[in-house]
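Asks: Quick one, upload.cif (mmCIF, N, CA and C atoms):
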```
data_start
loop_
_atom_site.label_atom_id
_atom_site.label_comp_id
_atom_site.auth_asym_id
_atom_site.auth_seq_id
_atom_site.Cartn_x
_atom_site.Cartn_y
_atom_site.Cartn_z
N MET A 1 43.37 -25.65 46.90
CA MET A 1 44.13 -25.78 45.67
C MET A 1 44.63 -24.40 45.27
N LYS A 2 45.88 -24.34 45.03
CA LYS A 2 46.51 -23.07 44.71
C LYS A 2 46.82 -23.02 43.22
N ILE A 3 46.35 -21.90 42.58
CA ILE A 3 46.63 -21.73 41.16
C ILE A 3 47.74 -20.71 41.05
N ASN A 4 48.82 -21.12 40.41
CA ASN A 4 49.93 -20.17 40.28
C ASN A 4 49.85 -19.43 38.96
N GLY A 5 50.68 -18.45 38.78
CA GLY A 5 50.68 -17.57 37.62
C GLY A 5 50.99 -18.30 36.33
N VAL A 6 51.81 -19.36 36.40
CA VAL A 6 52.18 -20.09 35.19
C VAL A 6 50.97 -20.82 34.62
N LYS A 7 50.15 -21.41 35.48
CA LYS A 7 48.95 -22.12 35.01
C LYS A 7 47.96 -21.14 34.37
N ILE A 8 47.78 -19.99 34.99
CA ILE A 8 46.89 -18.97 34.43
C ILE A 8 47.42 -18.52 33.07
N PHE A 9 48.73 -18.34 32.96
CA PHE A 9 49.37 -17.90 31.73
C PHE A 9 49.15 -18.94 30.63
N ARG A 10 49.31 -20.24 30.95
CA ARG A 10 49.12 -21.33 29.99
C ARG A 10 47.65 -21.41 29.54
N ILE A 11 46.74 -21.30 30.49
CA ILE A 11 45.31 -21.34 30.15
C ILE A 11 44.93 -20.17 29.24
N PHE A 12 45.47 -18.99 29.55
CA PHE A 12 45.19 -17.81 28.74
C PHE A 12 45.68 -18.00 27.31
N PHE A 13 46.91 -18.45 27.13
CA PHE A 13 47.46 -18.62 25.79
C PHE A 13 46.79 -19.77 25.05
N ALA A 14 46.41 -20.81 25.75
CA ALA A 14 45.70 -21.92 25.10
C ALA A 14 44.34 -21.43 24.59
N SER A 15 43.64 -20.67 25.42
CA SER A 15 42.33 -20.11 25.00
C SER A 15 42.50 -19.16 23.84
N LEU A 16 43.51 -18.32 23.90
CA LEU A 16 43.78 -17.37 22.82
C LEU A 16 44.12 -18.10 21.54
N GLY A 17 44.88 -19.15 21.63
CA GLY A 17 45.24 -19.94 20.45
C GLY A 17 44.04 -20.58 19.81
N VAL A 18 43.13 -21.12 20.63
CA VAL A 18 41.91 -21.74 20.09
C VAL A 18 41.05 -20.70 19.40
N MET A 19 40.89 -19.53 20.00
CA MET A 19 40.08 -18.48 19.39
C MET A 19 40.68 -18.00 18.07
N LEU A 20 41.98 -17.81 18.04
CA LEU A 20 42.63 -17.34 16.81
C LEU A 20 42.59 -18.40 15.72
N ALA A 21 42.75 -19.65 16.11
CA ALA A 21 42.73 -20.73 15.13
C ALA A 21 41.36 -20.84 14.46
N ASN A 22 40.29 -20.68 15.23
CA ASN A 22 38.94 -20.76 14.65
C ASN A 22 38.70 -19.63 13.66
N GLY A 23 39.24 -18.48 13.93
CA GLY A 23 39.04 -17.34 13.03
C GLY A 23 39.90 -17.39 11.80
N CYS A 24 40.95 -18.16 11.79
CA CYS A 24 41.89 -18.16 10.68
C CYS A 24 41.70 -19.32 9.71
N PHE A 25 40.84 -20.28 10.03
CA PHE A 25 40.67 -21.42 9.14
C PHE A 25 40.01 -21.01 7.82
N GLU A 26 39.08 -20.08 7.88
CA GLU A 26 38.36 -19.68 6.68
C GLU A 26 38.87 -18.31 6.24
N LYS A 27 39.36 -18.26 5.03
CA LYS A 27 39.87 -17.00 4.49
C LYS A 27 38.69 -16.12 4.10
N TRP A 28 38.80 -14.81 4.29
CA TRP A 28 37.73 -13.87 3.96
C TRP A 28 37.54 -13.83 2.46
N ASN A 29 36.30 -13.99 2.05
CA ASN A 29 35.94 -13.95 0.64
C ASN A 29 34.94 -12.82 0.45
N PRO A 30 35.37 -11.69 -0.14
CA PRO A 30 34.46 -10.55 -0.28
C PRO A 30 33.25 -10.86 -1.17
N ASP A 31 33.44 -11.71 -2.18
CA ASP A 31 32.32 -12.06 -3.06
C ASP A 31 31.25 -12.84 -2.30
N LEU A 32 31.70 -13.77 -1.46
CA LEU A 32 30.77 -14.55 -0.66
C LEU A 32 30.05 -13.67 0.35
N GLN A 33 30.78 -12.75 0.97
CA GLN A 33 30.15 -11.84 1.93
C GLN A 33 29.11 -10.96 1.23
N TYR A 34 29.46 -10.44 0.05
CA TYR A 34 28.52 -9.62 -0.72
C TYR A 34 27.27 -10.42 -1.07
N ALA A 35 27.46 -11.66 -1.52
CA ALA A 35 26.32 -12.50 -1.91
C ALA A 35 25.40 -12.75 -0.71
N ARG A 36 26.00 -13.03 0.44
CA ARG A 36 25.19 -13.26 1.65
C ARG A 36 24.42 -12.02 2.05
N GLU A 37 25.07 -10.85 2.04
CA GLU A 37 24.40 -9.61 2.43
C GLU A 37 23.31 -9.24 1.44
N LYS A 38 23.58 -9.44 0.14
CA LYS A 38 22.57 -9.13 -0.87
C LYS A 38 21.37 -10.06 -0.74
N SER A 39 21.62 -11.32 -0.46
CA SER A 39 20.53 -12.27 -0.27
C SER A 39 19.66 -11.86 0.91
N LYS A 40 20.27 -11.44 1.99
CA LYS A 40 19.52 -11.01 3.17
C LYS A 40 18.70 -9.76 2.84
N LEU A 41 19.31 -8.80 2.14
CA LEU A 41 18.58 -7.58 1.78
C LEU A 41 17.42 -7.88 0.84
N ASP A 42 17.65 -8.78 -0.13
CA ASP A 42 16.57 -9.15 -1.06
C ASP A 42 15.41 -9.82 -0.32
N LYS A 43 15.75 -10.66 0.65
CA LYS A 43 14.71 -11.33 1.44
C LYS A 43 13.92 -10.31 2.25
N ASP A 44 14.61 -9.37 2.89
CA ASP A 44 13.94 -8.32 3.66
C ASP A 44 13.05 -7.47 2.76
N GLU A 45 13.56 -7.14 1.57
CA GLU A 45 12.78 -6.32 0.62
C GLU A 45 11.55 -7.07 0.14
N SER A 46 11.68 -8.37 -0.08
CA SER A 46 10.55 -9.18 -0.51
C SER A 46 9.47 -9.22 0.56
N VAL A 47 9.86 -9.38 1.80
CA VAL A 47 8.91 -9.39 2.91
C VAL A 47 8.20 -8.04 3.00
N GLN A 48 8.97 -6.95 2.85
CA GLN A 48 8.39 -5.60 2.90
C GLN A 48 7.42 -5.39 1.75
N SER A 49 7.77 -5.89 0.56
CA SER A 49 6.90 -5.74 -0.60
C SER A 49 5.58 -6.48 -0.40
N ILE A 50 5.65 -7.68 0.15
CA ILE A 50 4.43 -8.45 0.42
C ILE A 50 3.56 -7.71 1.43
N THR A 51 4.18 -7.15 2.45
CA THR A 51 3.44 -6.38 3.46
C THR A 51 2.80 -5.16 2.83
N ASP A 52 3.53 -4.46 1.96
CA ASP A 52 2.99 -3.28 1.28
C ASP A 52 1.76 -3.63 0.43
N VAL A 53 1.83 -4.74 -0.27
CA VAL A 53 0.71 -5.16 -1.13
C VAL A 53 -0.50 -5.50 -0.26
N ARG A 54 -0.28 -6.20 0.83
CA ARG A 54 -1.39 -6.53 1.73
C ARG A 54 -2.04 -5.26 2.29
N ASN A 55 -1.20 -4.32 2.71
CA ASN A 55 -1.73 -3.06 3.25
C ASN A 55 -2.51 -2.29 2.19
N ALA A 56 -1.99 -2.26 0.97
CA ALA A 56 -2.67 -1.54 -0.11
C ALA A 56 -4.02 -2.17 -0.42
N LYS A 57 -4.07 -3.50 -0.44
CA LYS A 57 -5.35 -4.18 -0.70
C LYS A 57 -6.35 -3.89 0.42
N ALA A 58 -5.87 -3.88 1.65
CA ALA A 58 -6.75 -3.56 2.78
C ALA A 58 -7.23 -2.12 2.68
N ASN A 59 -6.35 -1.21 2.29
CA ASN A 59 -6.73 0.20 2.11
C ASN A 59 -7.82 0.34 1.05
N LEU A 60 -7.70 -0.41 -0.04
CA LEU A 60 -8.71 -0.34 -1.11
C LEU A 60 -10.07 -0.83 -0.62
N GLU A 61 -10.07 -1.92 0.12
CA GLU A 61 -11.35 -2.43 0.65
C GLU A 61 -11.97 -1.43 1.63
N ASN A 62 -11.13 -0.86 2.49
CA ASN A 62 -11.63 0.14 3.46
C ASN A 62 -12.17 1.36 2.73
N PHE A 63 -11.46 1.80 1.70
CA PHE A 63 -11.88 2.97 0.93
C PHE A 63 -13.24 2.72 0.27
N LYS A 64 -13.42 1.52 -0.29
CA LYS A 64 -14.69 1.19 -0.92
C LYS A 64 -15.83 1.21 0.11
N THR A 65 -15.57 0.67 1.28
CA THR A 65 -16.57 0.67 2.35
C THR A 65 -16.92 2.09 2.78
N ILE A 66 -15.92 2.93 2.92
CA ILE A 66 -16.14 4.34 3.31
C ILE A 66 -16.98 5.05 2.26
N LEU A 67 -16.67 4.83 0.99
CA LEU A 67 -17.44 5.47 -0.07
C LEU A 67 -18.90 5.03 -0.05
N LYS A 68 -19.13 3.75 0.21
CA LYS A 68 -20.51 3.26 0.25
C LYS A 68 -21.28 3.90 1.40
N ARG A 69 -20.59 4.24 2.48
CA ARG A 69 -21.26 4.90 3.60
C ARG A 69 -21.46 6.40 3.34
N ARG A 70 -20.54 7.02 2.63
CA ARG A 70 -20.61 8.48 2.42
C ARG A 70 -21.47 8.89 1.24
N ILE A 71 -21.40 8.13 0.16
CA ILE A 71 -22.09 8.53 -1.07
C ILE A 71 -23.50 7.93 -1.05
N VAL A 72 -24.41 8.73 -0.57
CA VAL A 72 -25.81 8.31 -0.42
C VAL A 72 -26.71 9.39 -0.99
N PRO A 73 -27.92 9.02 -1.38
CA PRO A 73 -28.86 10.05 -1.84
C PRO A 73 -29.06 11.12 -0.76
N GLY A 74 -29.10 12.35 -1.21
CA GLY A 74 -29.32 13.47 -0.29
C GLY A 74 -28.07 14.30 0.01
N ILE A 75 -26.87 13.78 -0.29
CA ILE A 75 -25.70 14.63 -0.06
C ILE A 75 -25.61 15.68 -1.15
N ASN A 76 -25.01 16.79 -0.81
CA ASN A 76 -24.95 17.87 -1.79
C ASN A 76 -23.77 17.67 -2.74
N LEU A 77 -23.76 18.44 -3.83
CA LEU A 77 -22.73 18.30 -4.86
C LEU A 77 -21.34 18.62 -4.34
N GLN A 78 -21.24 19.56 -3.44
CA GLN A 78 -19.94 19.92 -2.88
C GLN A 78 -19.33 18.72 -2.14
N GLN A 79 -20.12 18.04 -1.34
CA GLN A 79 -19.64 16.84 -0.64
C GLN A 79 -19.27 15.75 -1.64
N LEU A 80 -20.11 15.55 -2.64
CA LEU A 80 -19.84 14.54 -3.66
C LEU A 80 -18.50 14.80 -4.33
N ASN A 81 -18.27 16.04 -4.73
CA ASN A 81 -17.00 16.38 -5.38
C ASN A 81 -15.82 16.26 -4.43
N GLU A 82 -16.03 16.56 -3.17
CA GLU A 82 -14.96 16.42 -2.17
C GLU A 82 -14.57 14.95 -2.00
N TYR A 83 -15.55 14.07 -1.93
CA TYR A 83 -15.30 12.65 -1.71
C TYR A 83 -14.76 11.95 -2.97
N LEU A 84 -15.31 12.31 -4.14
CA LEU A 84 -15.00 11.58 -5.36
C LEU A 84 -14.08 12.31 -6.33
N GLY A 85 -13.88 13.58 -6.14
CA GLY A 85 -13.07 14.33 -7.09
C GLY A 85 -13.90 14.81 -8.26
N LEU A 86 -13.25 15.41 -9.21
CA LEU A 86 -13.96 16.01 -10.35
C LEU A 86 -13.77 15.23 -11.65
N LYS A 87 -13.22 14.03 -11.55
CA LYS A 87 -13.02 13.23 -12.76
C LYS A 87 -14.13 12.18 -12.84
N TYR A 88 -15.01 12.36 -13.82
CA TYR A 88 -16.14 11.46 -14.02
C TYR A 88 -16.57 11.57 -15.47
N GLU A 89 -17.41 10.64 -15.87
CA GLU A 89 -17.96 10.66 -17.22
C GLU A 89 -19.44 11.00 -17.12
N VAL A 90 -19.88 11.98 -17.88
CA VAL A 90 -21.30 12.35 -17.92
C VAL A 90 -21.98 11.41 -18.91
N LEU A 91 -22.90 10.61 -18.38
CA LEU A 91 -23.61 9.65 -19.22
C LEU A 91 -24.85 10.25 -19.86
N ALA A 92 -25.51 11.18 -19.15
CA ALA A 92 -26.71 11.82 -19.69
C ALA A 92 -26.92 13.16 -18.98
N THR A 93 -27.50 14.11 -19.70
CA THR A 93 -27.83 15.42 -19.14
C THR A 93 -29.23 15.79 -19.62
N SER A 94 -29.98 16.40 -18.72
CA SER A 94 -31.33 16.83 -19.06
C SER A 94 -31.62 18.14 -18.34
N THR A 95 -32.21 19.07 -19.06
CA THR A 95 -32.61 20.34 -18.46
C THR A 95 -34.12 20.34 -18.29
N THR A 96 -34.54 20.62 -17.06
CA THR A 96 -35.98 20.68 -16.76
C THR A 96 -36.25 21.96 -15.99
N ASN A 97 -37.52 22.13 -15.63
CA ASN A 97 -37.86 23.33 -14.83
C ASN A 97 -37.29 23.22 -13.41
N LEU A 98 -36.84 22.04 -13.00
CA LEU A 98 -36.22 21.86 -11.68
C LEU A 98 -34.70 22.08 -11.72
N GLY A 99 -34.16 22.31 -12.88
CA GLY A 99 -32.72 22.53 -13.03
C GLY A 99 -32.10 21.51 -13.97
N ILE A 100 -30.80 21.41 -13.93
CA ILE A 100 -30.06 20.49 -14.78
C ILE A 100 -29.86 19.17 -14.04
N TRP A 101 -30.19 18.07 -14.71
CA TRP A 101 -30.01 16.74 -14.16
C TRP A 101 -28.86 16.05 -14.90
N GLU A 102 -28.05 15.32 -14.18
CA GLU A 102 -26.94 14.59 -14.79
C GLU A 102 -26.90 13.16 -14.25
N LYS A 103 -26.43 12.29 -15.12
CA LYS A 103 -26.08 10.94 -14.68
C LYS A 103 -24.58 10.81 -14.91
N ARG A 104 -23.84 10.54 -13.81
CA ARG A 104 -22.38 10.47 -13.86
C ARG A 104 -21.91 9.05 -13.55
N ALA A 105 -20.82 8.67 -14.19
CA ALA A 105 -20.15 7.39 -13.90
C ALA A 105 -18.76 7.70 -13.37
N TYR A 106 -18.40 7.06 -12.27
CA TYR A 106 -17.08 7.24 -11.63
C TYR A 106 -16.30 5.94 -11.73
N LYS A 107 -15.13 6.01 -12.37
CA LYS A 107 -14.26 4.84 -12.47
C LYS A 107 -13.51 4.63 -11.16
N TRP A 108 -13.33 3.38 -10.81
CA TRP A 108 -12.63 3.01 -9.59
C TRP A 108 -11.22 3.59 -9.58
N SER A 109 -10.52 3.52 -10.69
CA SER A 109 -9.14 4.01 -10.74
C SER A 109 -9.07 5.52 -10.50
N ASP A 110 -10.06 6.26 -11.00
CA ASP A 110 -10.07 7.71 -10.79
C ASP A 110 -10.30 8.05 -9.31
N LEU A 111 -11.16 7.28 -8.66
CA LEU A 111 -11.42 7.51 -7.25
C LEU A 111 -10.20 7.18 -6.39
N VAL A 112 -9.52 6.09 -6.74
CA VAL A 112 -8.31 5.69 -6.01
C VAL A 112 -7.21 6.73 -6.23
N ALA A 113 -7.08 7.21 -7.46
CA ALA A 113 -6.07 8.24 -7.75
C ALA A 113 -6.37 9.52 -6.97
N HIS A 114 -7.65 9.86 -6.86
CA HIS A 114 -8.04 11.06 -6.11
C HIS A 114 -7.68 10.91 -4.63
N GLU A 115 -7.87 9.73 -4.08
CA GLU A 115 -7.63 9.50 -2.65
C GLU A 115 -6.16 9.25 -2.32
N TYR A 116 -5.48 8.42 -3.13
CA TYR A 116 -4.12 7.98 -2.78
C TYR A 116 -3.02 8.52 -3.70
N GLY A 117 -3.39 9.00 -4.88
CA GLY A 117 -2.39 9.47 -5.84
C GLY A 117 -2.08 8.40 -6.87
N MET A 118 -1.62 8.84 -8.02
CA MET A 118 -1.37 7.91 -9.13
C MET A 118 -0.08 7.11 -8.96
N SER A 119 0.79 7.51 -8.06
CA SER A 119 2.03 6.76 -7.86
C SER A 119 1.94 5.82 -6.66
N SER A 120 0.76 5.70 -6.08
CA SER A 120 0.59 4.86 -4.88
C SER A 120 0.47 3.39 -5.25
N LYS A 121 0.77 2.55 -4.28
CA LYS A 121 0.61 1.10 -4.44
C LYS A 121 -0.87 0.76 -4.67
N GLU A 122 -1.76 1.52 -4.03
CA GLU A 122 -3.19 1.29 -4.19
C GLU A 122 -3.61 1.50 -5.65
N TYR A 123 -3.11 2.57 -6.26
CA TYR A 123 -3.47 2.86 -7.65
C TYR A 123 -2.91 1.79 -8.57
N ILE A 124 -1.71 1.35 -8.31
CA ILE A 124 -1.09 0.31 -9.14
C ILE A 124 -1.91 -0.98 -9.08
N LEU A 125 -2.45 -1.30 -7.91
CA LEU A 125 -3.19 -2.55 -7.73
C LEU A 125 -4.64 -2.49 -8.18
N CYS A 126 -5.22 -1.29 -8.25
CA CYS A 126 -6.67 -1.23 -8.52
C CYS A 126 -6.97 -1.55 -9.98
N ASN A 127 -8.19 -2.04 -10.20
CA ASN A 127 -8.65 -2.36 -11.54
C ASN A 127 -8.97 -1.06 -12.28
N LYS A 128 -8.29 -0.80 -13.37
CA LYS A 128 -8.41 0.49 -14.07
C LYS A 128 -9.65 0.60 -14.95
N LYS A 129 -10.31 -0.49 -15.25
CA LYS A 129 -11.42 -0.46 -16.21
C LYS A 129 -12.80 -0.48 -15.57
N VAL A 130 -12.87 -0.67 -14.27
CA VAL A 130 -14.14 -0.87 -13.59
C VAL A 130 -14.80 0.46 -13.23
N ILE A 131 -16.10 0.54 -13.46
CA ILE A 131 -16.89 1.68 -12.97
C ILE A 131 -17.43 1.27 -11.61
N LEU A 132 -17.10 2.04 -10.58
CA LEU A 132 -17.54 1.71 -9.23
C LEU A 132 -18.97 2.14 -8.98
N LEU A 133 -19.32 3.35 -9.45
CA LEU A 133 -20.67 3.83 -9.15
C LEU A 133 -21.16 4.77 -10.23
N GLU A 134 -22.48 4.86 -10.28
CA GLU A 134 -23.17 5.85 -11.10
C GLU A 134 -24.09 6.64 -10.18
N ALA A 135 -24.16 7.94 -10.42
CA ALA A 135 -25.00 8.81 -9.59
C ALA A 135 -25.87 9.68 -10.48
N ILE A 136 -27.10 9.83 -10.08
CA ILE A 136 -28.01 10.76 -10.74
C ILE A 136 -28.20 11.93 -9.79
N LEU A 137 -28.00 13.14 -10.32
CA LEU A 137 -28.06 14.32 -9.46
C LEU A 137 -28.67 15.49 -10.20
N ASN A 138 -29.20 16.41 -9.41
CA ASN A 138 -29.68 17.65 -10.00
C ASN A 138 -28.68 18.75 -9.67
N THR A 139 -29.05 19.97 -9.80
CA THR A 139 -28.13 21.08 -9.64
C THR A 139 -27.46 21.12 -8.26
N SER A 140 -28.11 20.59 -7.23
CA SER A 140 -27.54 20.75 -5.89
C SER A 140 -27.45 19.48 -5.05
N VAL A 141 -28.17 18.40 -5.42
CA VAL A 141 -28.26 17.23 -4.55
C VAL A 141 -28.15 15.93 -5.36
N VAL A 142 -27.56 14.92 -4.74
CA VAL A 142 -27.51 13.58 -5.33
C VAL A 142 -28.84 12.90 -5.04
N ASN A 143 -29.46 12.39 -6.10
CA ASN A 143 -30.77 11.75 -5.94
C ASN A 143 -30.69 10.22 -5.88
N THR A 144 -29.83 9.64 -6.70
CA THR A 144 -29.71 8.17 -6.78
C THR A 144 -28.25 7.79 -6.88
N VAL A 145 -27.87 6.71 -6.19
CA VAL A 145 -26.51 6.19 -6.27
C VAL A 145 -26.59 4.68 -6.51
N ASP A 146 -25.88 4.20 -7.52
CA ASP A 146 -25.80 2.75 -7.81
C ASP A 146 -24.34 2.33 -7.75
N PHE A 147 -24.01 1.47 -6.78
CA PHE A 147 -22.67 0.89 -6.69
C PHE A 147 -22.65 -0.42 -7.44
N PHE A 148 -21.54 -0.70 -8.11
CA PHE A 148 -21.40 -1.94 -8.86
C PHE A 148 -20.40 -2.84 -8.14
N VAL A 149 -20.67 -4.12 -8.20
CA VAL A 149 -19.81 -5.11 -7.55
C VAL A 149 -18.74 -5.54 -8.55
N PHE A 150 -17.52 -5.64 -8.07
CA PHE A 150 -16.44 -6.17 -8.92
C PHE A 150 -15.50 -6.99 -8.09
#
```
Starting from the file, give its structure as structure tokens.
Replies:
Amino acid sequence: MKINGVKIFRIFFASLGVMLANGCFEKWNPDLQYAREKSKLDKDESVQSITDVRNAKANLENFKTILKRRIVPGINLQQLNEYLGLKYEVLATSTTNLGIWEKRAYKWSDLVAHEYGMSSKEYILCNKKVILLEAILNTSVVNTVDFFVF
């Protein structure tokens, strides 16, 4: 079977006509295009936000677990301050012949701010009113640690 140039020419123009006709039936609507693109971006942003919240919650749980492993009786004050920061409430102080004794309360929000910063997703999600732990310490060493469940 021999295909001549006229048949190829007709097939080419017929195909071109079909392609052009499909593209010309719907007139371009910039408002519709904007709405579609915005909807897609909003959906992507929503998925990212959900992922960020999940990651932040996981970070908070991991952080709490790490603190429970690190903050134990016998660690020195320098380590305690390194892990927990310097923001705490002094509940009681006593001076004895063994030195100064303190009972400190550490709020969960202060610990999260120390670790992640106040503008972090973790800080935004954490409970701001909860006391995570209380520690009794003398001049150089932590003697007792009480973690609270929340």
Asks: Considering only C-alpha atoms, state which residue in the set A:Phe12, A:Phe150, A:Tyr116, A:Tyr106 is at the smallest distance from A:Leu133.
Replies: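 Of the candidates, the smallest distance to A:Leu133 is held by A:Tyr106.
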Asks: Can you tell me how far atom CA of A:Asn127 sits from atom CA of A:Trp108, in Å to one decimal?
Replies: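 Going from atom CA of A:Asn127 over to atom CA of A:Trp108, I get 7.0 Å.
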Asks: Taking the file as shown, find all residues satisfying the PyMOL selection byres ((chain A and resi 101) around 7) and write them as a PyMOL selection string.
Replies: chain A and resi 92-96+98-100+102-103+136-139
Asks: When the PyMOL selection byres ((chain A and resi 144-147) around 6) is applied to the structure above, which residues does it catch, written out as a list of chain:residue names?
Replies: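 In the shown coordinates, the PyMOL selection byres ((chain A and resi 144-147) around 6) covers A:Val72, A:Pro73, A:Leu132, A:Leu133, A:Glu134, A:Ala135, A:Ile136, A:Leu137, A:Val142, A:Asn143, A:Phe148, A:Val149.
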Asks: I need the residues of chain A that end up classed as strand (DSSP E) by DSSP on the backbone, written out as a count of residues only.
Replies: 30
Asks: For atom CA of A:Arg104 and atom CA of A:Val130, determine how far apart the two atoms are, in Å to one decimal place.
Replies: 14.0 Å
Asks: May I ask which of the residues A:Ser120, A:Glu115, A:Ala105, A:Phe63 is the closest one to A:Val90, counting only N, CA and C atoms?
Replies: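 Smallest separation from A:Val90 among the options: A:Ala105.
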Asks: What is the distance, in Å and to one decimal place, between atom CA of A:Ile50 and atom CA of A:Glu122?
Replies: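 One can read the atom CA of A:Ile50 to atom CA of A:Glu122 distance as 13.2 Å.
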Asks: Please identify the alpha helix (DSSP H) residues within stretch 4-140 of chain A (assignment by DSSP from backbone atoms) and present them as a PyMOL selection string.
Replies: chain A and resi 5-24+30-70+77-84+108-116+121-125
Asks: Please evaluate the PyMOL selection byres (((chain A and resi 57 and name CA) around 12) and name CA) against the displayed coordinates and give the resulting residues as a VMD selection string.
Replies: chain A and resid 50 to 56 58 to 64 112 120 to 127
Asks: Could you check the closest approach to A:Arg69 for each of A:Ser49, A:Leu32, A:Tyr83, A:Lys27 and tell me which residue wins, using only C-alpha atoms?
Replies: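 Closest residue, counting only C-alpha atoms: A:Tyr83.
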Asks: Using all atoms of stretch 34-53 of chain A listed in the file and a margin of 3 Å per side, can you give the axis-aligned box centre and edge lengths in Å to one decimal, as AutoDock Vina command-line options?
Replies:
```
--center_x 14.5 --center_y -8.3 --center_z 0.9 --size_x 36.0 --size_y 16.0 --size_z 11.6
```
